[in-house]
file data-v6.csv (CSV, C-alpha atoms)
chain,number,residue,atom,x,y,z
A,24,MET,CA,90.8,81.6,98.6
A,25,ALA,CA,89.3,84.4,100.7
A,26,VAL,CA,91.4,87.5,101.1
A,27,SER,CA,91.2,90.4,103.5
A,28,ALA,CA,92.9,93.7,104.2
A,29,ALA,CA,94.9,92.0,106.9
A,30,ASP,CA,96.6,89.9,104.1
A,31,PHE,CA,98.3,93.0,102.6
A,32,ARG,CA,101.9,93.0,103.7
A,33,PRO,CA,104.0,95.2,101.5
A,34,HIS,CA,107.8,95.0,101.3
A,35,PRO,CA,109.2,96.8,104.3
A,36,LEU,CA,110.9,99.4,102.1
A,37,LEU,CA,107.5,100.2,100.5
A,38,ARG,CA,105.4,100.7,103.7
A,39,ASN,CA,105.6,104.5,103.8
A,40,ARG,CA,102.2,105.9,103.1
A,41,HIS,CA,103.4,108.8,101.0
A,42,LEU,CA,105.7,106.5,98.9
A,43,GLN,CA,102.7,104.2,98.4
A,44,SER,CA,100.4,107.0,97.3
A,45,ILE,CA,103.0,108.5,94.9
A,46,LEU,CA,104.0,105.2,93.3
A,47,ALA,CA,100.3,104.5,92.6
A,48,SER,CA,100.2,107.3,90.0
A,49,SER,CA,103.8,107.4,89.0
A,50,GLY,CA,105.2,107.3,85.5
A,51,VAL,CA,107.5,104.5,86.6
A,52,ARG,CA,104.5,102.3,87.5
A,53,ARG,CA,102.8,103.1,84.2
A,54,LEU,CA,106.0,102.0,82.4
A,55,LEU,CA,106.4,98.8,84.4
A,56,ARG,CA,102.7,97.9,84.0
A,57,ARG,CA,102.5,98.7,80.3
A,58,PRO,CA,102.2,95.1,79.1
A,59,SER,CA,98.6,94.9,80.7
A,60,ARG,CA,97.4,97.9,78.7
A,61,PRO,CA,97.1,97.1,75.0
A,62,PRO,CA,94.3,94.4,75.2
A,63,VAL,CA,92.2,96.8,77.2
A,64,LEU,CA,92.9,100.0,75.3
A,65,HIS,CA,92.9,98.6,71.8
A,66,GLY,CA,90.1,96.2,72.2
A,67,ALA,CA,87.6,98.6,73.7
A,68,VAL,CA,84.6,100.1,71.9
A,69,GLU,CA,83.8,103.8,72.7
A,70,HIS,CA,80.3,104.6,73.8
A,71,ILE,CA,78.7,108.0,74.3
A,72,LEU,CA,76.0,107.4,76.8
A,73,ASP,CA,72.7,109.2,77.1
A,74,CYS,CA,72.5,109.8,80.8
A,75,GLY,CA,69.3,111.8,80.9
A,76,ASP,CA,68.6,115.6,80.8
A,77,GLY,CA,70.7,115.9,77.8
A,78,VAL,CA,73.9,114.8,79.5
A,79,ARG,CA,76.4,112.7,77.6
A,80,LEU,CA,79.2,110.7,79.1
A,81,GLN,CA,81.9,108.8,77.4
A,82,GLY,CA,83.1,105.3,78.2
A,83,PHE,CA,84.9,102.3,76.8
A,84,PHE,CA,83.5,98.8,76.7
A,85,ASN,CA,85.5,95.5,76.6
A,86,ARG,CA,83.5,92.3,76.0
A,87,GLN,CA,84.6,88.8,76.4
A,88,ALA,CA,85.5,87.2,73.1
A,89,ALA,CA,82.8,84.6,73.6
A,90,ARG,CA,79.9,86.8,74.9
A,91,GLU,CA,78.0,83.9,76.4
A,92,GLU,CA,80.9,83.2,78.7
A,93,ALA,CA,80.9,86.6,80.5
A,94,ARG,CA,80.4,86.2,84.2
A,95,GLY,CA,79.1,89.7,84.7
A,96,LEU,CA,79.4,93.4,83.6
A,97,VAL,CA,81.5,95.7,85.7
A,98,VAL,CA,81.6,99.5,85.6
A,99,VAL,CA,85.0,100.9,86.7
A,100,LEU,CA,85.0,104.5,88.1
A,101,HIS,CA,88.1,106.6,88.3
A,102,GLY,CA,89.0,109.2,90.9
A,103,TRP,CA,89.0,113.0,90.7
A,104,GLU,CA,91.0,114.2,87.7
A,105,GLY,CA,91.7,110.6,86.7
A,106,SER,CA,90.2,109.0,83.6
A,107,ALA,CA,89.2,105.8,82.0
A,108,GLU,CA,92.8,105.5,80.9
A,109,SER,CA,94.4,106.0,84.4
A,110,ALA,CA,96.9,103.2,85.2
A,111,TYR,CA,94.8,101.8,88.1
A,112,VAL,CA,91.6,101.8,86.0
A,113,VAL,CA,93.3,100.0,83.1
A,114,ALA,CA,95.0,97.5,85.4
A,115,THR,CA,91.7,96.7,87.2
A,116,ALA,CA,89.9,96.4,83.9
A,117,ALA,CA,92.6,94.1,82.5
A,118,ARG,CA,92.4,91.8,85.6
A,119,LEU,CA,88.6,91.7,85.5
A,120,LEU,CA,88.7,90.8,81.8
A,121,ARG,CA,91.1,88.0,82.5
A,122,GLU,CA,88.7,86.8,85.3
A,123,GLY,CA,85.9,86.6,82.7
A,124,TYR,CA,83.9,89.8,83.1
A,125,ASP,CA,82.8,92.4,80.6
A,126,VAL,CA,84.2,95.8,81.6
A,127,PHE,CA,83.0,99.3,81.0
A,128,ARG,CA,85.4,102.1,82.0
A,129,LEU,CA,83.4,105.3,82.4
A,130,ASN,CA,84.7,108.9,82.2
A,131,PHE,CA,82.9,111.4,84.5
A,132,ARG,CA,82.0,114.7,83.0
A,133,ASP,CA,85.1,116.8,82.0
A,134,HIS,CA,87.5,113.9,82.5
A,135,GLY,CA,89.5,112.1,79.9
A,136,ARG,CA,89.3,114.9,77.3
A,137,THR,CA,85.5,114.9,77.3
A,138,HIS,CA,85.1,118.6,78.2
A,139,HIS,CA,83.3,119.3,74.9
A,140,LEU,CA,80.4,116.9,75.6
A,141,ASN,CA,78.5,119.0,78.1
A,142,PRO,CA,78.4,122.8,78.7
A,143,GLY,CA,78.2,122.5,82.5
A,144,ILE,CA,81.3,122.0,84.6
A,145,PHE,CA,81.9,118.8,86.5
A,146,HIS,CA,81.4,118.8,90.3
A,147,SER,CA,81.1,116.0,92.8
A,148,CYS,CA,77.4,116.4,93.4
A,149,LEU,CA,76.5,115.4,89.8
A,150,ILE,CA,75.1,112.1,91.0
A,151,ASP,CA,72.1,111.9,88.8
A,152,GLU,CA,74.1,111.7,85.6
A,153,ALA,CA,76.3,109.0,87.1
A,154,VAL,CA,73.3,107.0,88.0
A,155,GLY,CA,72.0,107.5,84.5
A,156,ALA,CA,75.3,106.3,83.0
A,157,VAL,CA,75.3,103.1,85.0
A,158,ALA,CA,71.7,102.5,84.0
A,159,ALA,CA,72.7,103.0,80.4
A,160,VAL,CA,75.6,100.6,80.8
A,161,GLY,CA,73.3,98.0,82.3
A,162,ARG,CA,71.1,98.2,79.2
A,163,LEU,CA,74.0,97.2,77.0
A,164,ASP,CA,73.7,93.7,78.3
A,165,PRO,CA,70.8,93.3,80.8
A,166,GLN,CA,71.3,89.6,81.1
A,167,ARG,CA,74.6,90.0,83.0
A,168,PRO,CA,74.9,90.6,86.7
A,169,LEU,CA,75.9,94.3,87.0
A,170,ALA,CA,78.5,95.6,89.5
A,171,ILE,CA,80.7,98.6,90.1
A,172,VAL,CA,84.2,99.2,91.4
A,173,GLY,CA,85.3,102.7,92.1
A,174,PHE,CA,88.4,104.4,93.4
A,175,SER,CA,88.7,107.5,95.7
A,176,LEU,CA,86.0,110.0,94.5
A,177,GLY,CA,84.9,107.2,92.1
A,178,GLY,CA,84.4,105.0,95.2
A,179,ASN,CA,82.2,107.7,96.7
A,180,PHE,CA,80.2,107.9,93.5
A,181,ALA,CA,79.9,104.1,93.5
A,182,LEU,CA,78.4,104.0,96.9
A,183,ARG,CA,76.0,106.8,96.2
A,184,ILE,CA,74.9,105.1,93.0
A,185,ALA,CA,74.3,101.9,95.0
A,186,LEU,CA,72.1,103.9,97.4
A,187,ARG,CA,70.0,105.1,94.5
A,188,ALA,CA,70.0,102.0,92.4
A,189,PRO,CA,66.7,100.5,93.6
A,190,ALA,CA,64.7,103.7,93.0
A,191,ALA,CA,66.4,104.0,89.6
A,192,GLU,CA,65.4,100.4,88.8
A,193,ILE,CA,69.1,99.4,88.3
A,194,ALA,CA,69.6,95.7,89.1
A,195,LEU,CA,73.0,96.3,90.8
A,196,ARG,CA,74.4,93.1,92.2
A,197,TYR,CA,77.5,94.4,94.1
A,198,VAL,CA,79.7,97.5,94.7
A,199,LEU,CA,83.3,97.8,95.8
A,200,ALA,CA,84.8,101.1,96.8
A,201,VAL,CA,88.6,101.5,97.2
A,202,CYS,CA,89.6,104.4,99.6
A,203,PRO,CA,86.4,106.3,98.9
A,204,VAL,CA,86.0,110.0,99.9
A,205,VAL,CA,83.8,109.9,103.0
A,206,ASP,CA,83.6,113.4,104.5
A,207,PRO,CA,84.6,115.8,101.7
A,208,MET,CA,85.4,118.6,104.2
A,209,ALA,CA,87.9,116.3,105.9
A,210,GLY,CA,89.4,115.3,102.6
A,211,LEU,CA,89.7,118.9,101.5
A,212,PHE,CA,91.4,119.8,104.8
A,213,GLY,CA,93.7,116.8,104.5
A,214,LEU,CA,94.9,117.9,101.1
A,215,GLU,CA,95.5,121.5,102.4
A,216,THR,CA,97.4,120.4,105.5
A,217,GLY,CA,99.3,117.4,104.2
A,218,PRO,CA,102.4,117.4,102.2
A,219,ARG,CA,102.2,120.1,99.5
A,220,LEU,CA,102.9,117.6,96.7
A,221,TYR,CA,99.3,116.3,97.0
A,222,GLU,CA,97.6,119.6,96.6
A,223,ARG,CA,100.1,120.6,93.9
A,224,TYR,CA,99.4,117.4,92.0
A,225,PHE,CA,95.6,117.7,92.1
A,226,MET,CA,95.6,121.5,91.5
A,227,HIS,CA,97.8,121.1,88.4
A,228,LYS,CA,95.4,118.6,86.9
A,229,TRP,CA,92.3,120.5,87.9
A,230,ARG,CA,93.6,123.8,86.4
A,231,GLU,CA,94.5,122.2,83.2
A,232,SER,CA,91.0,120.6,83.1
A,233,LEU,CA,89.4,124.0,83.6
A,234,ARG,CA,91.5,125.5,80.9
A,235,LEU,CA,90.3,122.8,78.5
A,236,LYS,CA,86.7,123.4,79.5
A,237,GLN,CA,87.1,127.1,78.8
A,238,ALA,CA,88.6,126.3,75.4
A,239,ALA,CA,85.8,124.0,74.6
A,240,PHE,CA,83.2,126.7,75.4
A,241,PRO,CA,85.0,130.0,74.6
A,242,ASP,CA,81.9,132.1,74.7
A,243,ALA,CA,81.1,131.1,78.3
A,244,ALA,CA,82.7,133.0,81.2
A,245,LEU,CA,83.9,130.2,83.4
A,246,PHE,CA,87.3,130.9,85.0
A,247,ASP,CA,90.1,133.3,84.1
A,248,GLU,CA,93.8,132.9,84.8
A,249,ALA,CA,93.5,135.0,88.0
A,250,ASP,CA,90.9,132.6,89.3
A,251,LEU,CA,93.1,129.7,88.5
A,252,ARG,CA,95.9,131.1,90.6
A,253,CYS,CA,93.7,130.5,93.7
A,254,GLY,CA,94.3,127.7,96.1
A,255,LEU,CA,92.2,124.5,96.4
A,256,ARG,CA,89.6,125.8,98.9
A,257,GLU,CA,89.1,129.2,97.2
A,258,LEU,CA,88.9,127.8,93.7
A,259,THR,CA,86.4,125.2,94.9
A,260,ARG,CA,84.4,128.0,96.5
A,261,LEU,CA,84.4,129.9,93.2
A,262,LEU,CA,83.1,126.8,91.4
A,263,VAL,CA,80.3,126.3,93.9
A,264,LEU,CA,79.2,130.0,93.9
A,265,ARG,CA,79.4,130.4,90.1
A,266,HIS,CA,78.4,127.1,88.7
A,267,THR,CA,76.1,125.4,91.3
A,268,ALA,CA,73.0,126.2,93.3
A,269,PHE,CA,74.5,125.2,96.7
A,270,GLY,CA,75.2,128.7,97.8
A,271,SER,CA,78.1,127.9,100.0
A,272,LEU,CA,81.2,125.6,100.1
A,273,GLU,CA,79.9,123.9,103.2
A,274,HIS,CA,76.5,123.0,101.6
A,275,TYR,CA,78.3,121.7,98.5
A,276,LEU,CA,80.7,119.5,100.4
A,277,ASN,CA,77.8,118.1,102.5
A,278,GLY,CA,76.1,117.3,99.2
A,279,TYR,CA,78.3,114.4,98.4
A,280,SER,CA,79.3,113.3,101.9
A,281,ILE,CA,78.6,109.6,102.8
A,282,ALA,CA,79.6,110.1,106.4
A,283,GLY,CA,77.8,108.9,109.5
A,284,ARG,CA,74.5,107.3,108.8
A,285,THR,CA,74.3,108.1,105.1
A,286,LEU,CA,75.0,104.5,104.0
A,287,ALA,CA,72.8,102.9,106.6
A,288,GLY,CA,70.0,102.4,104.1
A,289,LEU,CA,72.3,100.6,101.6
A,290,THR,CA,70.5,97.5,100.3
A,291,VAL,CA,73.1,96.5,97.6
A,292,PRO,CA,75.9,94.2,99.0
A,293,ALA,CA,79.0,96.4,99.3
A,294,THR,CA,82.7,96.3,100.3
A,295,ILE,CA,84.7,99.3,101.3
A,296,LEU,CA,88.5,98.7,101.2
A,297,THR,CA,90.8,101.4,102.7
A,298,ALA,CA,94.1,101.8,104.5
A,299,ALA,CA,94.7,103.1,108.0
A,300,ASP,CA,97.6,105.1,106.7
A,301,ASP,CA,95.8,106.8,103.8
A,302,PRO,CA,97.2,110.4,103.8
A,303,VAL,CA,94.2,111.8,101.9
A,304,ILE,CA,91.1,110.2,103.5
A,305,PRO,CA,91.2,110.0,107.4
A,306,VAL,CA,90.7,106.5,108.7
A,307,ALA,CA,88.5,108.0,111.5
A,308,ASP,CA,85.9,108.8,108.8
A,309,PHE,CA,85.5,105.0,108.2
A,310,HIS,CA,85.3,104.1,111.8
A,311,ALA,CA,82.4,106.5,112.2
A,312,LEU,CA,80.4,105.0,109.4
A,313,GLU,CA,77.1,103.2,110.3
A,314,LEU,CA,76.8,100.4,107.8
A,315,PRO,CA,74.1,97.7,107.2
A,316,PRO,CA,74.9,94.0,107.6
A,317,GLN,CA,75.5,93.5,103.9
A,318,ALA,CA,78.2,96.2,103.8
A,319,GLU,CA,81.7,95.2,104.6
A,320,LEU,CA,84.4,97.6,105.9
A,321,ASP,CA,87.9,96.2,105.4
A,322,ILE,CA,90.9,98.3,106.7
A,323,ALA,CA,94.5,97.5,105.9
A,324,ARG,CA,97.4,98.7,108.1
A,325,TYR,CA,99.3,99.9,105.0
A,326,GLY,CA,98.4,100.9,101.5
A,327,GLY,CA,98.3,104.7,101.3
A,328,HIS,CA,95.7,106.2,99.0
A,329,CYS,CA,94.4,103.7,96.4
A,330,ALA,CA,97.9,102.2,96.2
A,331,PHE,CA,98.4,98.9,98.0
A,332,ILE,CA,101.8,98.4,96.2
A,333,GLY,CA,103.2,95.1,97.4
A,334,ASP,CA,106.6,94.8,95.9
A,335,PHE,CA,109.0,96.4,93.4
A,336,SER,CA,107.0,95.2,90.4
A,337,LEU,CA,104.7,98.0,91.5
A,338,ARG,CA,101.7,95.8,90.9
A,339,SER,CA,98.7,96.7,93.1
A,340,TRP,CA,97.4,94.1,95.5
A,341,THR,CA,93.9,95.5,94.9
A,342,GLU,CA,93.8,93.6,91.7
A,343,ASP,CA,93.8,90.3,93.7
A,344,TYR,CA,91.3,91.7,96.2
A,345,ILE,CA,88.9,92.9,93.6
A,346,ALA,CA,89.1,89.6,91.7
A,347,GLU,CA,88.3,87.6,94.8
A,348,ARG,CA,85.4,89.8,96.0
A,349,PHE,CA,83.8,89.8,92.5
A,350,ASP,CA,84.2,86.0,92.4
A,351,ARG,CA,82.4,85.8,95.7
A,352,HIS,CA,79.6,88.3,95.1
A,353,VAL,CA,79.1,88.3,91.3
A,354,GLY,CA,80.7,85.5,89.4
A,355,ARG,CA,79.3,82.6,91.5
A,356,LEU,CA,75.7,83.8,91.9
A,357,ASP,CA,74.4,82.4,88.7
A,358,GLY,CA,75.9,79.0,88.9
A,359,ALA,CA,78.7,77.5,90.9
A,360,ALA,CA,78.7,77.3,94.6

call {"tool": "encode", "arguments": {"input": "data-v6.csv", "output": "structure tokens"}}
result
Amino acid sequence: MAVSAADFRPHPLLRNRHLQSILASSGVRRLLRRPSRPPVLHGAVEHILDCGDGVRLQGFFNRQAAREEARGLVVVLHGWEGSAESAYVVATAARLLREGYDVFRLNFRDHGRTHHLNPGIFHSCLIDEAVGAVAAVGRLDPQRPLAIVGFSLGGNFALRIALRAPAAEIALRYVLAVCPVVDPMAGLFGLETGPRLYERYFMHKWRESLRLKQAAFPDAALFDEADLRCGLRELTRLLVLRHTAFGSLEHYLNGYSIAGRTLAGLTVPATILTAADDPVIPVADFHALELPPQAELDIARYGGHCAFIGDFSLRSWTEDYIAERFDRHVGRLDGAA
């Protein structure tokens, strides 16, 4: 049965956008959803991917028990300071496994305790290594239709990978982005001007990540504790000026923007799912996108940021949505109508 964003109708007590967004990453949700974790986490095989130019990225691969029965191969991309073990990534992977897909959960550079793998620091314009990672995953089973699902910054990466897939000779069948970052300047401003808990949450995780990076490379002068006391904008500016060639915060943020006409040249079928009440990514950014006919924009009234919590089980409705879209665009292309 076809589903759309209009079908998402959360319990009235769960409609608040901040409550939705907080519950999505809460410890309570991880506890309630724990039964879906073991098959994914314990049945996965770790891979260290050669992504080109000496870059190595870690990921975890779950295959169907009967390999010939896999309907496709899906790469799942987490958001900023998430990981391959984030609750939403594991829940999505578990559902796709049940739907018959092989699943690869990728860690971006410096995510998921992989700070030691590469000397350079993660930033959001490192698209070449993400493209290289997806190409490497595709080579693990080139006979399967290859697709990507990404969340937040991972959704932004997924769409940029799809833009580059033809030139990189990646046979990408489909891409689905949930609440992707569109205009990074707007997203940064939204974190700064919204409720402080969002900025505190991300800054706590980012500071800890930078400390782990410094510990992994103690001879490199990356950031000191005085730097880490800076706010989001200033610490991002320091990252850009010290560890990239962009020269300014503005040039860096524009470097991973997908706003305006950026996605107009997309040739891979794509779906963008977001919520009108997302407190992190302004819905106006999505309305301003210029998309090709094969790209679908689906905006729910409620859902917060990457949440879409329907009831007090704290299960995300995105699992149903993703399963239906992959069934439509990937699982049926090589056989059933």

call {"tool": "atom_distance", "arguments": {"input": "data-v6.csv", "atom1": "atom CA of Ala282 of chain A", "atom2": "atom CA of Val306 of chain A"}}
result
11.9 Å

call {"tool": "residues_around", "arguments": {"input": "data-v6.csv", "residues": "Thr137 of chain A", "least_positions_apart": "6", "cutoff": "10 Å", "atoms": "only C-alpha atoms", "output": "list in words"}}
result
Arg79, Leu80, Gln81, Gly82, Ser106, Asn130, Phe131, Ser232, Leu235, Lys236 and Ala239 of chain A

call {"tool": "closest_residue", "arguments": {"input": "data-v6.csv", "among": "A:Asp300, A:Asp133, A:Asp76, A:Glu91", "to": "Trp103 of chain A", "atoms": "all atoms listed in the file"}}
result
A:Asp133

call {"tool": "residues_around", "arguments": {"input": "data-v6.csv", "residues": "Asp151 of chain A", "least_positions_apart": "3", "cutoff": "9 Å", "atoms": "all atoms listed in the file", "output": "count of residues only"}}
result
7

call {"tool": "residues_around", "arguments": {"input": "data-v6.csv", "residues": "Ser109 of chain A", "least_positions_apart": "3", "cutoff": "12 Å", "atoms": "all atoms listed in the file", "output": "PyMOL selection string"}}
result
chain A and resi 47-50+52-53+56-57+60+63-64+99-106+112-116+128-130+134-135+174

call {"tool": "atom_distance", "arguments": {"input": "data-v6.csv", "atom1": "atom CA of Ala93 of chain A", "atom2": "atom CA of Leu163 of chain A"}}
result
13.1 Å

call {"tool": "closest_residue", "arguments": {"input": "data-v6.csv", "among": "A:Asp73, A:Glu257, A:Asp350, A:Asp164", "to": "Leu211 of chain A", "atoms": "all atoms listed in the file"}}
result
A:Glu257

call {"tool": "closest_residue", "arguments": {"input": "data-v6.csv", "among": "A:Phe240, A:Tyr124, A:Tyr224, A:Phe335", "to": "Gly95 of chain A", "atoms": "all atoms listed in the file"}}
result
A:Tyr124

call {"tool": "closest_residue", "arguments": {"input": "data-v6.csv", "among": "A:Ser280, A:Ser339, A:Thr297, A:Gln87", "to": "Ala29 of chain A", "atoms": "only C-alpha atoms"}}
result
A:Thr297

call {"tool": "atom_distance", "arguments": {"input": "data-v6.csv", "atom1": "atom CA of Thr294 of chain A", "atom2": "atom CA of Pro218 of chain A"}}
result
28.9 Å

call {"tool": "residues_around", "arguments": {"input": "data-v6.csv", "residues": "Pro305 of chain A", "least_positions_apart": "6", "cutoff": "12 Å", "atoms": "only C-alpha atoms", "output": "NGL selection string"}}
result
:A and (202-214 or 217 or 282 or 297-299 or 311 or 322 or 327-328)

call {"tool": "closest_residue", "arguments": {"input": "data-v6.csv", "among": "A:Leu314, A:Leu220, A:Val78, A:Leu296", "to": "Ser27 of chain A", "atoms": "only C-alpha atoms"}}
result
A:Leu296
